[in-house]
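Trainee: upload.txt is reproduced below (compact mmCIF, C-alpha atoms).
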# COMPACT_ATOMS: atom_id res chain seq x y z
CA MET A 1 0.00 0.00 0.00
CA ASN A 2 2.81 2.38 0.95
CA PHE A 3 4.59 1.52 -2.28
CA ASN A 4 1.52 2.65 -4.30
CA LYS A 5 1.39 5.96 -2.40
CA LYS A 6 5.03 6.66 -3.25
CA ILE A 7 4.33 6.02 -6.92
CA LEU A 8 1.36 8.40 -6.81
CA VAL A 9 3.37 11.18 -5.13
CA SER A 10 6.21 10.77 -7.65
CA ALA A 11 3.75 11.07 -10.53
CA LEU A 12 2.03 14.20 -9.17
CA LEU A 13 5.23 16.10 -8.05
CA PRO A 14 6.18 17.36 -11.55
CA LEU A 15 2.66 18.68 -12.01
CA PHE A 16 2.92 20.70 -8.77
CA LEU A 17 6.35 22.12 -9.80
CA LEU A 18 5.08 23.13 -13.24
CA SER A 19 2.11 24.82 -11.62
CA ALA A 20 4.36 26.75 -9.20
CA CYS A 21 6.69 27.85 -12.01
CA GLY A 22 3.74 29.00 -14.04
CA GLU A 23 2.41 31.04 -11.14
CA SER A 24 5.91 32.62 -10.61
CA SER A 25 6.15 33.53 -14.30
CA ASN A 26 2.70 35.02 -14.22
CA GLN A 27 3.58 37.07 -11.13
CA GLN A 28 6.77 38.39 -12.82
CA ALA A 29 4.80 39.22 -15.95
CA GLN A 30 2.18 41.01 -13.85
CA ARG A 31 4.82 42.97 -11.82
CA PRO A 32 4.57 46.71 -12.68
CA PRO A 33 7.53 48.25 -14.53
CA MET A 34 10.20 49.77 -12.26
CA ASN A 35 10.89 53.52 -12.46
CA VAL A 36 14.38 54.42 -13.68
CA SER A 37 16.06 57.74 -14.48
CA THR A 38 17.38 58.11 -18.01
CA ILE A 39 19.09 60.60 -20.31
CA THR A 40 19.22 60.76 -24.09
CA LEU A 41 22.81 60.81 -25.31
CA GLU A 42 24.01 63.53 -27.66
CA SER A 43 27.45 63.77 -29.25
CA GLN A 44 29.37 66.97 -28.57
CA PRO A 45 32.84 68.48 -29.08
CA VAL A 46 35.14 67.82 -26.12
CA THR A 47 38.69 68.99 -25.46
CA ILE A 48 41.01 66.14 -24.55
CA PHE A 49 43.78 66.73 -22.00
CA THR A 50 46.85 64.86 -20.81
CA THR A 51 47.21 65.07 -17.03
CA LEU A 52 50.66 64.78 -15.43
CA PRO A 53 51.87 65.19 -11.81
CA GLY A 54 54.07 68.17 -11.01
CA ARG A 55 55.59 70.37 -8.29
CA ILE A 56 55.63 74.13 -7.77
CA ASN A 57 59.01 75.90 -7.61
CA ALA A 58 59.79 79.58 -7.03
CA ILE A 59 60.76 81.59 -10.10
CA LYS A 60 63.69 82.98 -8.03
CA ASP A 61 65.02 81.17 -4.98
CA ALA A 62 67.93 82.95 -3.27
CA VAL A 63 69.69 81.52 -0.23
CA VAL A 64 71.29 84.31 1.82
CA ILE A 65 74.77 83.20 2.94
CA ALA A 66 77.29 84.88 5.25
CA ARG A 67 80.15 86.40 3.22
CA VAL A 68 82.22 87.46 6.24
CA THR A 69 82.90 85.80 9.58
CA GLY A 70 81.51 87.29 12.77
CA ASN A 71 78.71 87.35 15.30
CA ILE A 72 75.16 88.34 14.36
CA GLN A 73 74.41 91.66 16.04
CA SER A 74 70.79 92.02 14.94
CA ILE A 75 68.06 90.56 12.73
CA GLN A 76 66.45 93.40 10.82
CA PHE A 77 63.39 91.84 9.19
CA GLU A 78 60.10 90.26 10.14
CA GLN A 79 60.15 86.60 9.27
CA GLY A 80 57.70 85.73 6.48
CA SER A 81 57.42 89.34 5.30
CA ARG A 82 57.99 90.89 1.90
CA VAL A 83 61.41 92.37 1.28
CA LYS A 84 62.97 94.43 -1.49
CA ALA A 85 66.28 93.86 -3.22
CA GLY A 86 68.96 95.69 -1.18
CA GLN A 87 66.94 95.68 2.05
CA ALA A 88 69.02 94.92 5.17
CA LEU A 89 68.28 91.52 6.74
CA PHE A 90 71.11 90.92 9.25
CA LYS A 91 73.90 92.93 10.88
CA ILE A 92 77.22 91.18 11.54
CA ASP A 93 79.63 92.71 14.08
CA PRO A 94 81.64 95.19 11.93
CA ALA A 95 84.39 96.09 14.46
CA VAL A 96 87.16 93.96 12.94
CA TYR A 97 86.26 95.00 9.40
CA GLN A 98 86.09 98.68 10.31
CA ALA A 99 89.57 98.35 11.80
CA ASN A 100 90.77 96.75 8.56
CA VAL A 101 89.35 99.69 6.61
CA ASN A 102 91.14 102.15 8.89
CA ALA A 103 94.43 100.28 8.49
CA ALA A 104 94.04 100.17 4.72
CA GLN A 105 93.27 103.89 4.69
CA ALA A 106 96.45 104.57 6.67
CA SER A 107 98.50 102.40 4.32
CA LEU A 108 97.09 104.32 1.37
CA SER A 109 98.03 107.65 2.97
CA GLN A 110 101.57 106.43 3.62
CA ALA A 111 101.90 105.08 0.07
CA THR A 112 100.57 108.35 -1.34
CA ALA A 113 103.16 110.34 0.66
CA ASN A 114 105.99 108.07 -0.47
CA ALA A 115 104.83 108.36 -4.07
CA SER A 116 104.72 112.16 -3.84
CA SER A 117 108.28 112.30 -2.45
CA ALA A 118 109.61 109.91 -5.06
CA ALA A 119 107.90 111.80 -7.88
CA ALA A 120 109.40 115.11 -6.68
CA LEU A 121 112.91 113.58 -6.55
CA ALA A 122 112.48 112.16 -10.02
CA ASN A 123 111.50 115.59 -11.34
CA ARG A 124 114.60 117.25 -9.79
CA TYR A 125 116.90 114.59 -11.17
CA ARG A 126 115.32 115.08 -14.59
CA THR A 127 116.60 118.69 -14.59
CA LEU A 128 119.96 117.84 -13.06
CA ILE A 129 120.71 115.04 -15.50
CA LYS A 130 120.65 117.57 -18.31
CA GLU A 131 123.42 119.53 -16.55
CA ASN A 132 125.33 116.35 -15.66
CA ALA A 133 124.88 117.24 -11.96
CA VAL A 134 123.81 113.68 -11.12
CA SER A 135 124.87 110.37 -12.53
CA ARG A 136 122.76 108.41 -14.93
CA GLN A 137 122.46 105.62 -12.38
CA GLU A 138 121.05 107.97 -9.73
CA TYR A 139 118.53 109.33 -12.21
CA ASP A 140 117.37 105.85 -13.22
CA GLN A 141 116.99 104.84 -9.58
CA ALA A 142 114.87 107.95 -8.91
CA ILE A 143 112.59 107.20 -11.86
CA ALA A 144 112.21 103.56 -10.78
CA SER A 145 111.47 104.60 -7.20
CA ALA A 146 108.74 106.97 -8.42
CA LYS A 147 107.09 104.20 -10.42
CA GLN A 148 107.32 101.73 -7.53
CA THR A 149 105.73 104.14 -5.07
CA ALA A 150 102.97 104.93 -7.62
CA ALA A 151 102.27 101.18 -7.91
CA ALA A 152 102.23 100.94 -4.10
CA VAL A 153 99.53 103.61 -4.09
CA GLU A 154 97.40 101.55 -6.47
CA ALA A 155 97.92 98.43 -4.32
CA ALA A 156 96.93 100.39 -1.21
CA LYS A 157 93.78 101.59 -2.99
CA ALA A 158 92.89 98.00 -3.91
CA ALA A 159 93.45 96.88 -0.32
CA LEU A 160 91.22 99.69 0.90
CA ASP A 161 88.51 98.68 -1.61
CA ALA A 162 88.69 95.05 -0.41
CA ALA A 163 88.45 96.13 3.22
CA GLN A 164 85.49 98.35 2.46
CA ILE A 165 83.77 95.50 0.58
CA ASP A 166 84.26 93.18 3.56
CA LEU A 167 82.86 95.91 5.81
CA SER A 168 79.82 96.26 3.55
CA TYR A 169 79.21 92.51 3.84
CA THR A 170 78.51 92.99 7.55
CA ASP A 171 75.20 94.47 6.37
CA VAL A 172 73.53 91.37 4.93
CA ILE A 173 70.97 92.46 2.32
CA SER A 174 68.31 90.73 0.26
CA PRO A 175 69.54 89.92 -3.26
CA ILE A 176 66.02 89.91 -4.78
CA ASP A 177 62.48 91.12 -4.22
CA GLY A 178 60.40 88.42 -2.59
CA ILE A 179 59.20 86.82 0.63
CA VAL A 180 61.81 86.03 3.27
CA GLY A 181 61.38 82.86 5.28
CA ALA A 182 62.49 82.01 8.79
CA ALA A 183 65.84 83.24 10.10
CA LEU A 184 68.20 80.26 10.18
CA VAL A 185 70.42 81.82 12.85
CA THR A 186 69.81 83.82 16.02
CA GLU A 187 71.33 87.02 17.36
CA GLY A 188 74.78 86.34 18.83
CA ALA A 189 75.42 83.30 16.63
CA LEU A 190 78.84 83.05 15.01
CA VAL A 191 78.61 82.78 11.23
CA SER A 192 81.42 81.84 8.90
CA ALA A 193 82.30 82.96 5.41
CA THR A 194 84.52 79.90 4.94
CA SER A 195 81.74 77.36 5.55
CA GLY A 196 79.08 79.62 3.99
CA THR A 197 76.63 79.74 6.88
CA GLN A 198 73.06 79.97 5.55
CA LEU A 199 71.14 82.83 7.14
CA ALA A 200 67.74 82.88 5.39
CA LYS A 201 65.96 82.17 2.11
CA VAL A 202 64.18 84.71 -0.07
CA GLN A 203 61.73 83.45 -2.70
CA GLN A 204 60.01 85.35 -5.49
CA ILE A 205 56.63 83.75 -6.21
CA ASN A 206 54.67 86.39 -8.13
CA GLU A 207 55.40 83.95 -10.97
CA VAL A 208 56.24 80.28 -10.42
CA TYR A 209 57.66 77.29 -12.23
CA VAL A 210 55.81 73.98 -12.42
CA ASP A 211 58.20 71.09 -12.99
CA PHE A 212 56.82 67.74 -14.18
CA THR A 213 57.89 64.67 -16.12
CA GLN A 214 56.59 62.88 -19.18
CA SER A 215 57.63 59.73 -21.04
CA THR A 216 59.62 60.22 -24.22
CA THR A 217 56.78 58.66 -26.25
CA GLU A 218 54.23 61.11 -24.87
CA MET A 219 56.74 63.90 -25.36
CA MET A 220 57.08 63.17 -29.06
CA GLN A 221 53.30 63.07 -29.43
CA LEU A 222 53.10 66.39 -27.60
CA ARG A 223 55.68 67.99 -29.88
CA LYS A 224 53.85 66.75 -32.96
CA ALA A 225 50.54 68.07 -31.59
CA PHE A 226 52.20 71.42 -30.92
CA LEU A 227 53.70 71.60 -34.42
CA ASN A 228 50.40 70.52 -36.00
CA GLY A 229 48.51 73.24 -34.15
CA GLU A 230 46.45 70.85 -31.98
CA LEU A 231 47.63 72.67 -28.86
CA GLU A 232 46.57 76.24 -28.19
CA ARG A 233 49.47 78.50 -29.10
CA VAL A 234 50.60 81.31 -26.82
CA ASP A 235 53.63 82.23 -28.93
CA ASN A 236 56.02 80.42 -31.23
CA ASN A 237 57.71 78.39 -28.49
CA THR A 238 55.06 77.72 -25.84
CA ALA A 239 51.68 76.05 -25.40
CA ALA A 240 48.89 76.83 -22.94
CA VAL A 241 48.53 74.57 -19.89
CA ARG A 242 46.21 74.46 -16.86
CA LEU A 243 46.69 73.36 -13.27
CA ILE A 244 44.55 71.10 -11.07
CA LEU A 245 45.17 71.94 -7.40
CA GLU A 246 45.33 69.51 -4.49
CA ASP A 247 41.65 70.09 -3.60
CA GLY A 248 40.57 69.19 -7.15
CA SER A 249 39.81 72.75 -8.25
CA THR A 250 41.24 74.27 -11.44
CA TYR A 251 43.65 77.18 -11.12
CA ASN A 252 42.13 80.25 -12.77
CA GLU A 253 45.31 81.33 -14.63
CA THR A 254 46.68 79.78 -17.82
CA GLY A 255 50.39 78.96 -17.90
CA LYS A 256 53.01 78.56 -20.60
CA LEU A 257 54.73 75.29 -21.40
CA LEU A 258 58.47 75.74 -22.01
CA PHE A 259 60.30 73.36 -24.36
CA SER A 260 63.72 74.95 -24.00
CA GLY A 261 66.18 73.14 -21.75
CA VAL A 262 64.40 69.77 -22.00
CA SER A 263 66.51 66.77 -20.96
CA VAL A 264 65.89 63.04 -20.52
CA ASP A 265 66.54 61.41 -17.15
CA GLU A 266 68.75 58.42 -17.92
CA THR A 267 67.50 56.48 -14.87
CA THR A 268 63.77 56.81 -15.61
CA GLY A 269 63.70 57.49 -19.35
CA LYS A 270 61.36 60.43 -18.78
CA VAL A 271 61.53 64.01 -19.99
CA ASN A 272 61.79 66.89 -17.54
CA LEU A 273 59.41 69.69 -18.52
CA ARG A 274 58.73 73.11 -17.05
CA ALA A 275 55.83 75.54 -17.26
CA THR A 276 55.48 79.06 -15.91
CA PHE A 277 52.33 80.39 -14.23
CA PRO A 278 51.41 83.88 -13.00
CA ASN A 279 50.82 83.88 -9.26
CA SER A 280 49.78 87.40 -8.32
CA ASP A 281 47.57 86.19 -5.45
CA GLU A 282 50.35 83.82 -4.25
CA LEU A 283 48.01 80.85 -4.14
CA LEU A 284 50.73 78.60 -5.58
CA LEU A 285 53.46 77.88 -3.04
CA PRO A 286 56.88 76.25 -3.64
CA GLY A 287 56.78 72.50 -3.00
CA MET A 288 53.02 72.21 -3.62
CA PHE A 289 51.85 69.11 -5.50
CA VAL A 290 49.67 69.82 -8.55
CA ARG A 291 48.48 68.13 -11.73
CA VAL A 292 49.28 69.69 -15.06
CA ARG A 293 46.65 69.52 -17.82
CA LEU A 294 47.97 69.73 -21.37
CA GLU A 295 45.45 70.18 -24.13
CA ARG A 296 45.92 67.30 -26.57
CA GLY A 297 43.14 67.92 -29.09
CA ILE A 298 39.39 68.18 -29.63
CA ASN A 299 37.02 65.24 -30.19
CA ASN A 300 34.16 66.77 -32.19
CA ASN A 301 31.79 63.77 -31.78
CA ALA A 302 32.39 62.58 -28.24
CA VAL A 303 29.68 60.65 -26.37
CA LEU A 304 29.84 61.55 -22.66
CA VAL A 305 28.08 59.53 -19.95
CA PRO A 306 27.83 60.28 -16.21
CA ASN A 307 30.32 58.20 -14.24
CA GLN A 308 27.54 56.71 -12.11
CA ALA A 309 26.00 55.08 -15.20
CA LEU A 310 29.07 52.92 -15.79
CA GLN A 311 28.98 49.38 -14.39
CA ARG A 312 31.85 46.90 -13.98
CA LYS A 313 32.04 43.19 -14.58
CA ALA A 314 34.22 40.80 -12.62
CA ASP A 315 36.86 40.89 -15.35
CA GLY A 316 37.06 44.69 -15.14
CA SER A 317 35.27 45.42 -18.42
CA SER A 318 32.63 48.17 -18.50
CA PHE A 319 28.97 48.07 -19.47
CA VAL A 320 25.87 50.24 -19.22
CA TYR A 321 22.11 49.72 -19.17
CA THR A 322 20.02 51.27 -21.93
CA VAL A 323 16.30 51.34 -22.74
CA GLU A 324 15.20 49.42 -25.83
CA GLU A 325 11.48 49.00 -26.57
CA GLY A 326 10.57 49.70 -22.95
CA LYS A 327 12.95 47.08 -21.55
CA VAL A 328 16.44 47.02 -20.07
CA ALA A 329 19.31 46.18 -22.42
CA LEU A 330 22.92 45.54 -21.39
CA ARG A 331 25.56 47.23 -23.56
CA PRO A 332 29.30 46.49 -23.29
CA VAL A 333 31.25 49.73 -23.78
CA THR A 334 34.83 50.92 -24.14
CA VAL A 335 35.70 53.98 -22.09
CA GLY A 336 38.26 56.72 -22.67
CA GLU A 337 39.12 60.02 -20.99
CA VAL A 338 37.32 61.40 -17.93
CA VAL A 339 36.12 64.98 -18.51
CA ASP A 340 34.39 66.96 -15.74
CA ASN A 341 32.91 63.97 -13.86
CA LYS A 342 31.85 62.34 -17.11
CA THR A 343 33.54 59.61 -19.15
CA ILE A 344 33.95 59.47 -22.91
CA VAL A 345 32.61 56.21 -24.37
CA THR A 346 34.62 55.36 -27.47
CA SER A 347 32.47 52.38 -28.54
CA GLY A 348 29.18 50.73 -27.58
CA LEU A 349 26.97 53.82 -27.54
CA LYS A 350 25.84 56.42 -30.03
CA SER A 351 23.98 59.68 -30.11
CA GLY A 352 20.24 59.16 -29.46
CA ASP A 353 20.60 56.13 -27.17
CA GLN A 354 18.53 56.25 -23.97
CA LEU A 355 20.89 55.59 -21.03
CA ILE A 356 19.82 54.51 -17.53
CA VAL A 357 21.64 56.51 -14.84
CA GLU A 358 19.62 55.72 -11.68
CA GLY A 359 17.48 52.82 -10.41
CA PHE A 360 19.80 49.82 -10.97
CA THR A 361 18.94 47.88 -7.81
CA LYS A 362 15.82 46.05 -9.05
CA ILE A 363 16.36 45.77 -12.78
CA GLY A 364 18.12 43.37 -15.08
CA PRO A 365 18.41 42.68 -18.82
CA GLY A 366 14.95 42.27 -20.34
CA ALA A 367 13.05 43.71 -17.38
CA PRO A 368 10.25 46.15 -18.29
CA ILE A 369 10.87 49.65 -16.96
CA ASN A 370 9.24 53.05 -16.83
CA ALA A 371 11.81 55.57 -18.12
CA LEU A 372 11.73 58.99 -16.42
CA PRO A 373 13.95 62.00 -17.20
CA TRP A 374 16.95 62.27 -14.89
CA ALA A 375 16.41 65.20 -12.53
CA LYS A 376 20.16 66.04 -12.54
CA ASP A 377 20.33 66.22 -16.32
CA PRO A 378 21.20 69.86 -17.17
CA ASN A 379 18.86 69.80 -20.16
CA VAL A 380 15.92 68.64 -18.04
CA ALA A 381 16.73 71.18 -15.34
CA ALA A 382 16.86 73.98 -17.91
CA GLN A 383 13.53 72.94 -19.43
CA SER A 384 11.94 72.69 -15.97
CA ALA A 385 13.21 76.16 -15.02
CA ALA A 386 11.92 77.63 -18.28
CA GLY A 387 8.51 76.03 -17.75
CA GLN A 388 8.35 77.34 -14.18
CA GLN A 389 9.20 80.87 -15.33
CA LYS A 390 6.51 80.68 -18.01
CA GLU A 391 3.96 79.46 -15.45
CA ASN A 392 4.87 82.25 -13.02
CA ALA A 393 4.56 84.86 -15.75
CA SER A 394 1.12 83.49 -16.68
CA ASP A 395 -0.04 83.65 -13.04
CA GLN A 396 1.09 87.27 -12.71
CA GLN A 397 -0.93 88.48 -15.75
CA GLU A 398 -4.10 90.45 -14.80
CA PRO A 399 -7.42 90.01 -16.66
CA ALA A 400 -7.83 92.45 -19.54
CA ASN A 401 -11.36 93.39 -18.44
CA PRO A 402 -11.94 92.73 -14.69
CA SER A 403 -15.57 93.85 -14.90
CA ALA A 404 -16.32 91.10 -17.41
CA GLU A 405 -15.72 88.56 -14.64
Turn this file's structure into structure tokens for me.
Mentor:
Amino acid sequence: MNFNKKILVSALLPLFLLSACGESSNQQAQRPPMNVSTITLESQPVTIFTTLPGRINAIKDAVVIARVTGNIQSIQFEQGSRVKAGQALFKIDPAVYQANVNAAQASLSQATANASSAAALANRYRTLIKENAVSRQEYDQAIASAKQTAAAVEAAKAALDAAQIDLSYTDVISPIDGIVGAALVTEGALVSATSGTQLAKVQQINEVYVDFTQSTTEMMQLRKAFLNGELERVDNNTAAVRLILEDGSTYNETGKLLFSGVSVDETTGKVNLRATFPNSDELLLPGMFVRVRLERGINNNAVLVPNQALQRKADGSSFVYTVEEGKVALRPVTVGEVVDNKTIVTSGLKSGDQLIVEGFTKIGPGAPINALPWAKDPNVAAQSAAGQQKENASDQQEPANPSAE
């Protein structure tokens, strides 16, 4: 009896499973379409950039070094302030150097006196030699002595100049206009001209350099693009570049790319490049990390999609969801450059395709959907604003004939 029941259950089980599957299919078919946000793709011209890492350097970077030996008497600047070329920064004890100037001045006076005496003797002997009152040897010695004392005067003058120069070095001045950093020594410290004690650093940053590297292959492509006119020309030897700052914002000034002085680093095989940027507001500081954007060309028919619309497979390939005949379709795509939070799709999409950008959680290929305009689409936002303005204008209009109401 039990054996017959088992046979009956085995025979009826497939019928129950088919019935359940049929009910599940009917429920899925009867499920209402899910709402998704979509945009209609349009091709547009897009400027393509090459982005490279770089560092800011001062256009002038002067290290102030002690040129005489002595103790620092005073620091004559406010650290971090602006200074002018020739402005005093430090005072080194001048006592020894003033004494050297005085000694050199005395030596010059003595040499001048000796030269005057020797010149007068030579003049007397010049008259006496004509009357044979002195010997020829005495006359020659007088002339030689006059020349030697005159040379001693010149040597004394040079020694005095050197002493005065050393004395002037006790007033340490700024070599350039710029911003002076921290004092590297304190008052009373002994500084040495022999070891070249560093006292401070003055940097001029109203214009800055941006140094960055590029592979030789990219460099050749860049040169060709420059020669072919694909890069925006500033003059015959430079190309316009932009900067992306550490916070992701774009620097508001355009710089100039310099090709002169380019060299290849033998250890890395990369090219060292330099650009100059105006920095009147001093936003760019030496040592700052930035990204350099070089215009590479313009894609006149680029298809841009929001980054959030891109999906990834396990193998790393990209795909998107589109709307085809009211249902979800999966499209493999090939992506290119990222431009302003959007990605260029080089293959897989075309102008006019309806792309799903929101509502991915409960959809899959073939699922019916209800496509709604994406609220963040600039075109939709512009149309909505225009419609709202038109509605407000209509509400503000008064009846032409109030009494007719």
Trainee: Can you measure atom CA of A:Ser107 to atom CA of A:Ala158 for me? One decimal in Å is fine.
Mentor: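 Result for atom CA of A:Ser107 versus atom CA of A:Ala158: 10.9 Å, one decimal.
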Trainee: Excluding same-chain residues fewer than 2 positions from A:Ser43, what lies within 9 Å of it counting all atoms listed in the file, as a list of chain:residue names?
Mentor: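 Residues meeting the cut-off are A:Leu41, A:Pro45, A:Asn300, A:Asn301, A:Ala302, A:Val303, A:Leu304, A:Lys350, A:Ser351, A:Gly352.
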Trainee: Between atom CA of A:Thr186 and atom CA of A:Arg82, what distance in Å does the model show, to one decimal?
Mentor: 19.7 Å
Trainee: I'd like to know which of A:Thr254, A:Thr47, A:Gln164, A:Asn100 is closest to A:Asn299, using all atoms listed in the file.
Mentor: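 Smallest distance to A:Asn299 is found for A:Thr47.
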Trainee: Quick one: everything within 7 Å of A:Ala118, counting all atoms listed in the file, minus sequence neighbours fewer than 3 positions away in the same chain. Send it as an mmCIF file with C-alpha atoms, in the coordinates of the input.
Mentor:
data_model
loop_
_atom_site.group_PDB
_atom_site.id
_atom_site.type_symbol
_atom_site.label_atom_id
_atom_site.label_comp_id
_atom_site.auth_asym_id
_atom_site.auth_seq_id
_atom_site.Cartn_x
_atom_site.Cartn_y
_atom_site.Cartn_z
ATOM 1 C CA ASN A 114 105.990 108.070 -0.470
ATOM 2 C CA ALA A 115 104.830 108.360 -4.070
ATOM 3 C CA LEU A 121 112.910 113.580 -6.550
ATOM 4 C CA ALA A 122 112.480 112.160 -10.020
ATOM 5 C CA ALA A 142 114.870 107.950 -8.910
ATOM 6 C CA SER A 145 111.470 104.600 -7.200
ATOM 7 C CA ALA A 146 108.740 106.970 -8.420
ATOM 8 C CA THR A 149 105.730 104.140 -5.070
#
Trainee: Taking only C-alpha atoms into account, which of A:Ala189, A:Met34, A:Val180, A:Ile143 comes nearest A:Ser74?
Mentor: A:Ala189
Trainee: Of the residues A:Ala88, A:Ala156, A:Ile65, A:Val338, which is the one nearest to A:Gln110, using only C-alpha atoms?
Mentor: A:Ala156
Trainee: At a cut-off of 10 Å, using only C-alpha atoms, what residues contact stretch 203-211 of chain A? Leave out same-chain residues fewer than 4 positions from it and give the result as JSON, numbers by chain.
Mentor: {"A": [53, 54, 55, 56, 57, 58, 59, 60, 61, 62, 63, 82, 83, 176, 177, 178, 179, 180, 181, 243, 255, 256, 257, 258, 272, 273, 274, 275, 276, 277, 278, 279, 280, 281, 282, 283, 284, 285, 286, 287, 288, 289, 290, 291, 292]}
Trainee: What is the distance, in Å and to one decimal place, between atom CA of A:Ala95 and atom CA of A:Thr197?
Mentor: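 Going from atom CA of A:Ala95 over to atom CA of A:Thr197 covers 19.6 Å.
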Trainee: Could you pull the residues within 8 Å of A:Thr69, counting only C-alpha atoms, minus those fewer than 4 positions along the same chain, as a list in words?
Mentor: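 Residues near the query, excluding close chain neighbours: Leu190, Val191, Ser192, Ala193 and Thr194 of chain A.
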Trainee: Quick one: of A:Ser109, A:Thr38, A:Asn341, A:Thr217, who's nearest to A:Glu358, counting only C-alpha atoms?
Mentor: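 Checking each of A:Ser109, A:Thr38, A:Asn341, A:Thr217 against A:Glu358, counting only C-alpha atoms, the winner is A:Thr38.
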Trainee: Could you check which residues have any atom within 8 Å of (15.1, 62.7, -19.9), counting all atoms listed in the file with coordinates taken straight from the file, and then list them as a PyMOL selection string?
Mentor: chain A and resi 37-40+372-375+377+380
